[in-house]
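Shown next: input.cif, containing mmCIF, C-alpha atoms.
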data_coords
loop_
_atom_site.label_atom_id
_atom_site.label_comp_id
_atom_site.auth_asym_id
_atom_site.auth_seq_id
_atom_site.Cartn_x
_atom_site.Cartn_y
_atom_site.Cartn_z
CA MET A 264 53.97 35.39 -17.89
CA LEU A 265 54.58 34.87 -14.19
CA ASP A 266 52.41 32.25 -12.49
CA HIS A 267 52.47 32.38 -8.70
CA ARG A 268 50.05 29.50 -8.28
CA LEU A 269 51.32 26.39 -6.53
CA ALA A 270 51.80 23.17 -8.48
CA PRO A 271 48.92 20.72 -7.88
CA GLU A 272 51.02 18.46 -5.64
CA HIS A 273 52.15 21.39 -3.51
CA GLU A 274 48.61 22.73 -3.20
CA GLU A 275 47.31 19.31 -2.20
CA LEU A 276 50.00 19.03 0.48
CA ARG A 277 49.24 22.52 1.78
CA ARG A 278 45.52 21.79 1.97
CA THR A 279 46.07 18.43 3.69
CA VAL A 280 48.30 19.95 6.37
CA ALA A 281 45.93 22.88 6.84
CA GLU A 282 43.13 20.42 7.60
CA PHE A 283 45.37 18.44 9.94
CA ALA A 284 46.34 21.62 11.81
CA HIS A 285 42.73 22.71 12.15
CA ASP A 286 41.24 19.31 13.01
CA VAL A 287 44.00 17.66 15.06
CA ILE A 288 46.37 20.29 16.43
CA ALA A 289 44.01 23.16 17.23
CA PRO A 290 41.75 21.25 19.67
CA LYS A 291 44.67 19.78 21.65
CA ILE A 292 47.62 22.14 21.59
CA GLY A 293 46.36 24.62 24.18
CA GLU A 294 46.52 22.02 26.93
CA TYR A 295 50.02 20.92 25.94
CA TYR A 296 51.08 24.55 25.88
CA GLU A 297 49.66 25.42 29.29
CA HIS A 298 51.30 22.37 30.89
CA ASN A 299 54.65 22.88 29.11
CA GLU A 300 54.36 19.37 27.66
CA PHE A 301 55.91 18.10 24.47
CA PRO A 302 53.14 16.89 22.09
CA TYR A 303 54.42 13.39 21.40
CA GLU A 304 51.07 12.21 20.05
CA ILE A 305 50.88 15.03 17.50
CA VAL A 306 54.53 14.59 16.50
CA ALA A 307 53.96 10.87 15.95
CA GLU A 308 51.02 11.60 13.68
CA MET A 309 53.12 14.10 11.73
CA GLY A 310 55.71 11.36 11.33
CA ARG A 311 53.10 8.99 9.93
CA MET A 312 52.11 11.70 7.44
CA GLY A 313 55.72 11.83 6.23
CA LEU A 314 56.27 15.47 7.18
CA PHE A 315 59.70 14.89 8.73
CA GLY A 316 60.93 13.31 5.50
CA LEU A 317 59.49 15.84 3.05
CA PRO A 318 62.68 17.24 1.44
CA PHE A 319 64.75 14.06 1.56
CA PRO A 320 65.27 11.33 -1.07
CA GLU A 321 63.08 8.24 -0.95
CA GLU A 322 66.14 6.00 -0.75
CA TYR A 323 66.72 7.30 2.79
CA GLY A 324 63.09 7.05 3.84
CA GLY A 325 62.11 10.53 2.69
CA MET A 326 59.20 11.72 0.59
CA GLY A 327 61.29 12.96 -2.33
CA GLY A 328 59.88 16.48 -2.07
CA ASP A 329 61.63 19.83 -1.94
CA TYR A 330 62.27 22.74 0.40
CA LEU A 331 59.19 24.56 -0.86
CA ALA A 332 57.05 21.66 0.34
CA LEU A 333 58.61 21.85 3.80
CA CYS A 334 58.03 25.60 4.04
CA LEU A 335 54.41 25.30 2.92
CA VAL A 336 53.85 22.80 5.72
CA LEU A 337 55.56 25.04 8.27
CA GLU A 338 53.37 27.99 7.34
CA GLU A 339 50.16 25.98 7.71
CA LEU A 340 51.24 24.49 11.05
CA ALA A 341 52.27 27.87 12.47
CA ARG A 342 48.96 29.31 11.37
CA VAL A 343 47.57 27.25 14.27
CA ASP A 344 50.57 26.71 16.57
CA SER A 345 54.27 27.59 16.48
CA SER A 346 55.51 25.00 19.01
CA VAL A 347 54.58 22.18 16.65
CA ALA A 348 55.93 24.09 13.67
CA ILE A 349 59.32 24.79 15.25
CA THR A 350 59.62 21.15 16.32
CA LEU A 351 59.32 20.14 12.66
CA GLU A 352 61.50 22.98 11.39
CA ALA A 353 64.36 22.23 13.77
CA ALA A 354 64.11 18.47 13.24
CA VAL A 355 64.35 18.83 9.47
CA SER A 356 66.41 21.97 8.81
CA LEU A 357 68.83 21.63 11.72
CA GLY A 358 68.62 17.98 12.74
CA ALA A 359 68.48 15.99 9.52
CA MET A 360 69.53 18.44 6.79
CA PRO A 361 73.21 18.68 7.85
CA ILE A 362 73.49 14.89 7.60
CA HIS A 363 71.78 14.91 4.21
CA ARG A 364 73.98 17.74 2.92
CA TYR A 365 77.34 16.72 4.36
CA GLY A 366 77.13 13.18 5.72
CA THR A 367 78.89 10.12 4.39
CA GLU A 368 76.80 7.40 2.80
CA GLU A 369 77.10 5.37 5.98
CA GLN A 370 75.96 8.32 8.13
CA LYS A 371 72.99 8.93 5.86
CA ARG A 372 71.87 5.31 5.95
CA THR A 373 72.40 5.10 9.71
CA TRP A 374 70.46 8.22 10.69
CA LEU A 375 68.21 9.54 7.95
CA PRO A 376 65.57 6.76 7.82
CA ARG A 377 64.65 7.21 11.48
CA LEU A 378 64.84 11.00 11.25
CA CYS A 379 62.62 10.99 8.15
CA SER A 380 60.01 8.80 9.83
CA GLY A 381 59.77 11.08 12.86
CA GLU A 382 60.62 8.17 15.16
CA MET A 383 63.78 10.10 16.06
CA LEU A 384 64.53 13.80 16.34
CA GLY A 385 67.87 15.41 15.66
CA ALA A 386 69.22 18.69 17.02
CA PHE A 387 71.97 21.11 16.06
CA GLY A 388 74.31 22.31 18.82
CA LEU A 389 75.65 25.68 17.71
CA THR A 390 74.74 28.52 20.11
CA GLU A 391 76.85 28.87 23.26
CA PRO A 392 76.22 30.82 26.48
CA GLU A 393 78.85 33.46 25.66
CA GLY A 394 78.51 33.33 21.87
CA GLY A 395 75.04 34.54 20.98
CA SER A 396 75.00 35.98 17.47
CA ASP A 397 78.76 35.49 17.15
CA ALA A 398 78.71 31.89 15.90
CA GLY A 399 82.43 32.12 15.22
CA ALA A 400 83.12 32.51 18.95
CA THR A 401 82.70 28.79 19.57
CA ARG A 402 84.53 27.55 22.68
CA THR A 403 83.42 23.93 22.75
CA THR A 404 86.42 21.79 21.80
CA ALA A 405 86.86 18.40 20.17
CA ARG A 406 90.28 16.77 20.59
CA TYR A 407 91.23 13.82 18.41
CA ASP A 408 92.58 10.88 20.42
CA ALA A 409 94.72 8.83 18.03
CA ASP A 410 95.04 5.95 20.51
CA THR A 411 91.30 5.26 20.46
CA ASP A 412 90.41 6.91 17.13
CA GLU A 413 87.83 9.08 18.90
CA TRP A 414 86.84 12.70 19.34
CA VAL A 415 86.83 13.93 22.93
CA ILE A 416 84.35 16.80 23.28
CA ASN A 417 84.19 19.38 26.09
CA GLY A 418 81.98 22.44 26.37
CA SER A 419 78.37 23.55 26.46
CA LYS A 420 75.58 24.73 24.19
CA CYS A 421 72.41 26.69 24.95
CA PHE A 422 68.94 27.25 23.48
CA ILE A 423 69.02 23.96 21.57
CA THR A 424 65.65 22.85 20.18
CA ASN A 425 64.62 19.16 20.28
CA ALA A 426 67.68 18.37 22.40
CA GLY A 427 66.13 16.43 25.26
CA THR A 428 62.91 14.75 24.19
CA GLU A 429 62.28 11.05 24.69
CA ILE A 430 62.80 10.55 20.95
CA THR A 431 65.89 12.73 20.48
CA GLY A 432 68.56 10.55 18.90
CA LEU A 433 71.47 12.82 18.10
CA VAL A 434 72.92 16.30 18.30
CA THR A 435 75.33 17.64 15.70
CA VAL A 436 77.85 19.70 17.65
CA ALA A 437 79.97 22.56 16.36
CA ALA A 438 83.37 22.39 18.06
CA LEU A 439 86.90 23.71 17.76
CA THR A 440 89.38 21.20 16.36
CA LEU A 441 93.10 21.52 15.68
CA SER A 442 94.11 22.29 12.11
CA SER A 443 97.09 20.74 10.38
CA GLU A 444 98.17 24.32 9.63
CA LYS A 445 99.89 26.68 12.07
CA ASN A 446 99.30 30.28 13.01
CA PRO A 447 101.96 32.82 11.96
CA ASP A 448 103.48 32.58 15.44
CA GLY A 449 103.79 28.81 15.12
CA SER A 450 100.98 27.98 17.53
CA PRO A 451 98.32 25.42 16.57
CA ARG A 452 95.48 26.83 14.50
CA ARG A 453 91.96 26.02 15.59
CA GLU A 454 89.07 25.59 13.19
CA ILE A 455 85.40 24.66 13.57
CA SER A 456 84.20 21.16 12.72
CA THR A 457 80.85 19.46 13.24
CA ILE A 458 80.51 16.09 14.95
CA ILE A 459 77.49 13.81 15.44
CA VAL A 460 76.92 12.92 19.09
CA PRO A 461 74.24 10.27 19.76
CA THR A 462 72.11 10.74 22.85
CA GLY A 463 73.11 8.45 25.68
CA THR A 464 76.81 8.89 24.97
CA PRO A 465 78.73 9.06 28.29
CA GLY A 466 79.74 12.63 29.06
CA PHE A 467 76.81 14.13 27.12
CA SER A 468 73.94 15.52 29.17
CA ALA A 469 70.93 17.76 28.63
CA SER A 470 69.62 20.10 31.32
CA LYS A 471 66.00 20.31 32.33
CA LYS A 472 63.77 22.28 29.98
CA TYR A 473 64.03 26.05 30.03
CA SER A 474 61.14 28.04 31.48
CA LYS A 475 60.22 30.02 28.36
CA VAL A 476 57.94 32.92 27.51
CA GLY A 477 56.64 31.12 24.43
CA TRP A 478 56.97 27.95 22.34
CA ASN A 479 55.96 26.18 25.54
CA ALA A 480 55.03 22.91 23.83
CA SER A 481 58.47 22.60 22.21
CA ASP A 482 61.68 21.27 23.77
CA THR A 483 64.60 23.65 24.40
CA ARG A 484 67.59 22.88 26.61
CA GLU A 485 71.20 23.54 27.50
CA LEU A 486 73.70 20.81 26.64
CA SER A 487 76.95 19.88 28.37
CA PHE A 488 79.89 17.78 27.18
CA ALA A 489 82.47 16.51 29.64
CA ASP A 490 85.12 14.29 28.03
CA CYS A 491 82.37 13.01 25.75
CA ARG A 492 83.85 10.43 23.38
CA VAL A 493 82.48 9.52 19.97
CA PRO A 494 84.11 7.61 17.08
CA ALA A 495 86.23 9.60 14.65
CA ALA A 496 83.81 8.45 11.94
CA ASN A 497 81.16 10.75 13.50
CA LEU A 498 82.84 13.78 11.96
CA LEU A 499 80.23 15.40 9.71
CA GLY A 500 81.64 16.71 6.47
CA GLU A 501 85.23 17.92 6.22
CA ALA A 502 87.30 18.79 9.28
CA GLY A 503 87.56 22.55 9.56
CA ARG A 504 84.58 23.17 7.27
CA GLY A 505 82.01 23.27 10.04
CA TYR A 506 81.64 27.05 9.96
CA ALA A 507 80.95 27.14 6.23
CA GLN A 508 78.60 24.18 6.54
CA PHE A 509 76.40 25.67 9.23
CA LEU A 510 76.29 29.06 7.47
CA ARG A 511 74.66 27.28 4.52
CA ILE A 512 72.31 25.43 6.87
CA LEU A 513 71.34 28.72 8.56
CA ASP A 514 70.68 30.41 5.21
CA GLU A 515 68.23 27.66 4.30
CA GLY A 516 66.77 27.65 7.79
CA ARG A 517 65.97 31.35 7.55
CA ILE A 518 63.59 30.64 4.70
CA ALA A 519 61.90 28.01 6.84
CA ILE A 520 61.63 30.42 9.79
CA ALA A 521 60.22 33.05 7.43
CA ALA A 522 57.51 30.59 6.37
CA LEU A 523 56.78 29.80 10.01
CA ALA A 524 56.57 33.51 10.88
CA THR A 525 54.25 34.07 7.91
CA GLY A 526 51.99 31.35 9.27
CA LEU A 527 51.82 33.02 12.67
CA ALA A 528 51.09 36.39 11.02
CA GLN A 529 48.31 34.82 8.95
CA GLY A 530 46.93 33.00 11.98
CA CYS A 531 46.54 36.38 13.67
CA VAL A 532 44.46 37.53 10.70
CA ASP A 533 42.31 34.39 10.88
CA GLU A 534 41.60 34.76 14.58
CA SER A 535 40.96 38.49 14.34
CA LEU A 536 38.48 38.08 11.48
CA SER A 537 36.58 35.45 13.44
CA TYR A 538 36.54 37.49 16.64
CA ALA A 539 35.60 40.74 14.88
CA ALA A 540 32.56 39.05 13.33
CA GLN A 541 31.37 37.57 16.64
CA ARG A 542 32.20 40.26 19.20
CA ARG A 543 29.56 42.94 19.48
CA ALA A 544 29.96 46.38 21.02
CA PHE A 545 27.56 49.31 20.93
CA GLY A 546 24.98 47.20 19.16
CA LYS A 547 27.06 45.94 16.22
CA PRO A 548 29.98 43.59 15.46
CA ILE A 549 33.29 45.32 16.13
CA GLY A 550 34.30 44.36 12.59
CA ALA A 551 31.88 47.00 11.33
CA ASN A 552 34.20 49.68 12.71
CA GLN A 553 36.77 51.09 10.29
CA ALA A 554 39.42 51.17 13.01
CA ILE A 555 39.21 47.37 13.26
CA GLN A 556 38.91 46.93 9.50
CA PHE A 557 42.05 48.96 8.89
CA LYS A 558 43.99 47.01 11.50
CA ILE A 559 43.06 43.70 9.92
CA ALA A 560 43.74 45.02 6.41
CA ASP A 561 47.26 46.00 7.47
CA MET A 562 47.72 42.61 9.11
CA GLU A 563 46.73 40.86 5.89
CA MET A 564 49.12 43.08 3.93
CA ARG A 565 52.02 42.12 6.20
CA ALA A 566 51.22 38.39 5.99
CA HIS A 567 50.83 38.56 2.21
CA THR A 568 54.13 40.35 1.58
CA SER A 569 55.89 38.00 3.99
CA ARG A 570 54.63 35.07 1.94
CA LEU A 571 55.87 36.64 -1.29
CA ALA A 572 59.28 37.18 0.31
CA TRP A 573 59.81 33.60 1.47
CA HIS A 574 58.41 32.18 -1.78
CA HIS A 575 60.95 34.25 -3.69
CA ALA A 576 63.83 33.09 -1.50
CA ALA A 577 62.71 29.46 -1.76
CA SER A 578 62.43 29.67 -5.55
CA ARG A 579 66.01 30.91 -5.82
CA LEU A 580 67.20 28.10 -3.56
CA LEU A 581 65.41 25.50 -5.69
CA CYS A 582 66.83 27.00 -8.91
CA GLY A 583 70.37 26.81 -7.54
CA GLU A 584 70.72 30.59 -7.48
CA ARG A 585 72.30 32.65 -4.74
CA PHE A 586 69.68 33.28 -2.06
CA LYS A 587 71.46 34.62 1.03
CA LYS A 588 70.10 38.16 0.68
CA GLU A 589 66.59 36.99 -0.18
CA ALA A 590 66.54 34.61 2.80
CA ALA A 591 67.63 37.41 5.13
CA ILE A 592 64.97 39.76 3.72
CA ALA A 593 62.27 37.12 4.10
CA LYS A 594 63.30 36.26 7.66
CA LEU A 595 63.57 39.90 8.70
CA HIS A 596 60.29 41.05 7.20
CA SER A 597 58.19 38.06 8.22
CA SER A 598 59.44 37.94 11.81
CA GLU A 599 58.73 41.62 12.34
CA ALA A 600 55.34 41.17 10.64
CA ALA A 601 54.55 38.32 13.02
CA VAL A 602 55.37 40.42 16.08
CA THR A 603 53.29 43.36 14.82
CA ASN A 604 50.33 41.18 13.82
CA ALA A 605 50.38 39.39 17.17
CA ARG A 606 50.31 42.72 18.98
CA GLU A 607 47.46 44.03 16.82
CA ALA A 608 45.46 40.79 17.14
CA THR A 609 45.76 40.99 20.91
CA GLN A 610 44.54 44.59 20.80
CA ILE A 611 41.54 43.64 18.67
CA HIS A 612 40.61 40.93 21.17
CA GLY A 613 40.86 43.39 24.05
CA GLY A 614 40.88 41.75 27.47
CA TYR A 615 40.21 38.36 25.92
CA GLY A 616 43.48 38.66 24.01
CA PHE A 617 45.25 38.51 27.35
CA MET A 618 43.59 35.21 28.23
CA ASN A 619 45.49 32.03 27.40
CA GLU A 620 42.34 30.28 26.21
CA TYR A 621 42.48 32.42 23.08
CA PRO A 622 45.05 31.47 20.41
CA VAL A 623 46.18 35.08 19.95
CA ALA A 624 47.60 35.07 23.48
CA ARG A 625 49.73 32.12 22.44
CA PHE A 626 50.67 33.86 19.18
CA TRP A 627 51.71 36.98 21.11
CA ARG A 628 53.99 34.97 23.39
CA ASP A 629 55.43 32.94 20.50
CA SER A 630 56.15 35.78 18.09
CA LYS A 631 59.07 37.61 19.71
CA ILE A 632 61.54 34.73 19.44
CA LEU A 633 61.16 34.90 15.66
CA GLU A 634 63.13 38.17 15.69
CA ILE A 635 65.92 36.43 17.61
CA GLY A 636 66.33 32.77 16.61
CA GLU A 637 68.38 31.70 13.56
CA GLY A 638 69.87 35.18 13.35
CA THR A 639 68.52 38.31 15.04
CA SER A 640 66.90 41.12 13.07
CA GLU A 641 70.16 43.05 13.48
CA VAL A 642 72.11 40.18 11.93
CA GLN A 643 69.67 40.03 9.00
CA ARG A 644 70.16 43.74 8.33
CA MET A 645 73.90 43.23 8.47
CA LEU A 646 73.68 40.38 5.96
CA ILE A 647 71.48 42.38 3.60
CA ALA A 648 73.86 45.35 3.73
CA ARG A 649 76.83 43.08 3.12
CA GLU A 650 75.13 41.46 0.13
CA LEU A 651 74.52 44.95 -1.26
CA GLY A 652 78.27 45.51 -1.20
CA MET A 653 78.42 47.79 1.82
CA GLU A 654 81.56 47.65 3.92
CA ASP A 655 81.59 45.73 7.16
CA SER A 656 82.28 48.16 10.01
CA ARG A 657 83.32 45.48 12.50
CA PRO A 658 86.93 45.75 13.77
#
Structure encoded using C-alpha cells:
Amino acid sequence: MLDHRLAPEHEELRRTVAEFAHDVIAPKIGEYYEHNEFPYEIVAEMGRMGLFGLPFPEEYGGMGGDYLALCLVLEELARVDSSVAITLEAAVSLGAMPIHRYGTEEQKRTWLPRLCSGEMLGAFGLTEPEGGSDAGATRTTARYDADTDEWVINGSKCFITNAGTEITGLVTVAALTLSSEKNPDGSPRREISTIIVPTGTPGFSASKKYSKVGWNASDTRELSFADCRVPAANLLGEAGRGYAQFLRILDEGRIAIAALATGLAQGCVDESLSYAAQRRAFGKPIGANQAIQFKIADMEMRAHTSRLAWHHAASRLLCGERFKKEAAIAKLHSSEAAVTNAREATQIHGGYGFMNEYPVARFWRDSKILEIGEGTSEVQRMLIARELGMEDSRP
C-alpha cells in the first residue's frame, strides 16, 4: 500500500519552517522587496535554524538530512516569499552541493562548514551573456600556469544568484580548459572544468545588482574575470568533467525549483482564499460566487499536482534511481502552474492585486522567472522528449 504521508521528522521540519515563514518572513519581506534590499537578518536566522546545512553530513557542519527535507523547506518559504527561497536554493543546490558532490576532502573541510552554517554563501557561475540555454557554449577560459601552479581565468558570467552579497565567499566557475587530447586536425581540444574562485581574489569582480522584475530581495549579478589567478588545487572534481558535473547539479536543482514553484502556486491559493472570504461585492463575499470558487479550485489542483510531481522526482533521487525525466516534468509543470496561479490570484484580487502591498503582486512578479531559470520550459520539454527516446533534431 502506498503511503504518501511525510515521515514524522519531515513533517515536523515542514511545520517549523511554515511557522517561521508566517511569523518572521511575512511581516518583514515586503519592505526588503520594495527597497531591493538583501534580507541579511532573515538569512542569518535561517542559518541559525540549520536550513543551509540540511542535506549535508554532520561531519561538515550539516544537519544530516536529505534532499526531500531541503525541498520541503523551499516550498514552505516560497509559499510566503520567493526571494528568500531562491537565496536558500541557490546557496545549497548551486553553491554548496557541487563541493559536497565533487570536492576533495580538503575542499569540503575548508568550505562546507561555513556554507552549512549560513555564515557564507556560495554561487555557481555557469550562464554567460551569449550562452543562455546552451550551457555547452562556455567561452570563459582557465589556463593552467605551470610556473605558479595556478589557474588563470578570463571571461564573464551573467544572472548569477548570491554572487555579490556581503557574505558571499566563493563562486564555482565553469570554464574551458585544455585537454591532454587533440582534435582530429591536431589542434588542442578544449573541455569544460569547474574551479572554485574565492571572493576577493584579484581579477574577480561582481557588477552592481541587476534591476529585476521580481525576486527583488535576492542578489543577482554579472561576474567578470580578468587574469584571475587561483591555486591549481581549486579545481573542483576532475578536469574536463565540469559539463557532466553541472548537468547532474542542474537535474537535482530542478527538483528544488519545482518545490519552490509549488510553494508560490500554493501561496496564491492561500492569499486568494483569504481575500475571497473578506472582500464583499454586491452584498456578499466574492468567494460565494462560483466563478471565484472555480478559479481557486483550479489553482489548488495545479498546486497539488505540482507537489506530487516534485515528490515523485525527489523519491527517485533518494532511492538512487534515474530521475532526469521526472525532474524535468516536475520543473515544467510546477513553473507553469506558478505563473498561471499568480495570474489568477491577481485577477481575483482585482485592482488590489496590482498593488505591491498585497503578496499576490509580489507572487505575480516572481513567477515568470521560474519558467526560465535552471532550464527554460522549452529545455524541459526537450529533455522529456529525449528521455522518451525521441530523436534530437538539433544539427
Taking all atoms listed in the file into account, produce a table as a tab-separated table in which each residue of region 429-532 of chain A with an atom at most 12 Å from an atom of region 328-342 of chain A appears once, together with its shortest atom pair and the distance in Å to one decimal, ordered by chain and rising number.
residue	atom	partner	partner_atom	distance
A:Trp478	CA	A:Ala341	CA	10.9
A:Glu515	CA	A:Tyr330	CA	8.7
A:Gly516	CA	A:Cys334	CA	9.7
A:Arg517	CA	A:Cys334	CA	10.4
A:Ile518	CA	A:Cys334	CA	7.5
A:Ala519	CA	A:Cys334	CA	5.4
A:Ile520	CA	A:Leu337	CA	8.3
A:Ala521	CA	A:Cys334	CA	8.5
A:Ala522	CA	A:Glu338	CA	5.0
A:Leu523	CA	A:Glu338	CA	4.7
A:Ala524	CA	A:Ala341	CA	7.3
A:Thr525	CA	A:Glu338	CA	6.2
A:Gly526	CA	A:Glu338	CA	4.1
A:Leu527	CA	A:Arg342	CA	4.9
A:Ala528	CA	A:Arg342	CA	7.4
A:Gln529	CA	A:Arg342	CA	6.1
A:Gly530	CA	A:Arg342	CA	4.3
A:Cys531	CA	A:Arg342	CA	7.8
A:Val532	CA	A:Arg342	CA	9.4
Considering only C-alpha atoms, tabulate each residue of region 266-380 of chain A that lies at most 10 Å from region 609-621 of chain A along with its nearest interatomic pair and the corresponding distance in Å to one decimal; arrange the rows by chain and ascending residue number and present them as JSON lines.
{"residue": "A:Gly293", "atom": "CA", "partner": "A:Glu620", "partner_atom": "CA", "distance": 7.2}
{"residue": "A:Glu294", "atom": "CA", "partner": "A:Glu620", "partner_atom": "CA", "distance": 9.3}
{"residue": "A:Tyr296", "atom": "CA", "partner": "A:Asn619", "partner_atom": "CA", "distance": 9.5}
{"residue": "A:Glu297", "atom": "CA", "partner": "A:Asn619", "partner_atom": "CA", "distance": 8.0}
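CA of Gln643 (chain A) to CA of Leu595 (chain A) spans 6.1 Å [interatomic distance, one decimal].
Of note, CA of Ser535 (chain A) and CA of Lys558 (chain A) are spaced 9.5 Å apart.
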Practice prompt. Go through A:Ile559, A:Ser345, A:Met564, A:Ala426 and flag the residue nearest Arg628 (chain A), using only C-alpha atoms for the distances.
Written response: A:Ser345
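For the structure in this document, the set picked by the PyMOL selection byres ((chain A and resi 483) around 7) is Phe422, Ile423, Thr424, Asn425, Ala426, Lys472, Tyr473, Ser481, Asp482 and Arg484 of chain A.
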Worksheet item: Which value, in Å to one decimal, gives the distance between CA of Leu486 (chain A) and CA of Ser598 (chain A)?
Response: 26.8 Å
Practice prompt. For the file shown, report as an MDAnalysis selection string the outcome of the PyMOL selection byres ((chain A and resi 568) around 12) at residue level.
Written response: chainID A and resid 521:522 524:525 528:529 561:567 569:575 592:601
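Proximity ranking of A:Glu589, A:Pro465, A:Glu369, A:Lys631 relative to Ala496 (chain A) places A:Glu369 first, based on all atoms listed in the file.
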Worksheet entry | Selection result for the PyMOL selection byres ((chain A and resi 431) around 6) on this file, as JSON, numbers by chain | {"A": [383, 384, 385, 428, 429, 430, 432]}
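The smallest atom-to-atom distance between Val436 (chain A) and any of A:Asn479, A:Thr390, A:Ser470, A:Asn552, using only C-alpha atoms, is found for A:Thr390.
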Discussion item. If we count only C-alpha atoms and set the cut-off at 9 Å, which residues sit around Trp374 (chain A), ignoring sequence neighbours fewer than 4 positions away in its own chain? Please answer as an MDAnalysis selection string.
Written reply: chainID A and resid 323 359 362 369:370 378:379 383 432:433
Worksheet entry | Residue among A:Thr435, A:Ser474, A:Thr464, A:Thr603 lying closest to Leu357 (chain A), counting all atoms listed in the file | A:Thr435
Padding of 3 Å on every side, edges along x, y and z, all listed atoms of region 582-595 of chain A included: what centre and edge lengths in Å, to one decimal, does that box have, as AutoDock Vina command-line options?
--center_x 67.3 --center_y 33.4 --center_z -0.1 --size_x 16.0 --size_y 19.1 --size_z 23.6
Worksheet item: List as a ChimeraX atom specification: which residues have an atom within 10 Å of (83.5, 3.9, 18.3), counting only C-alpha atoms?
Response: /A:411-414,492-497
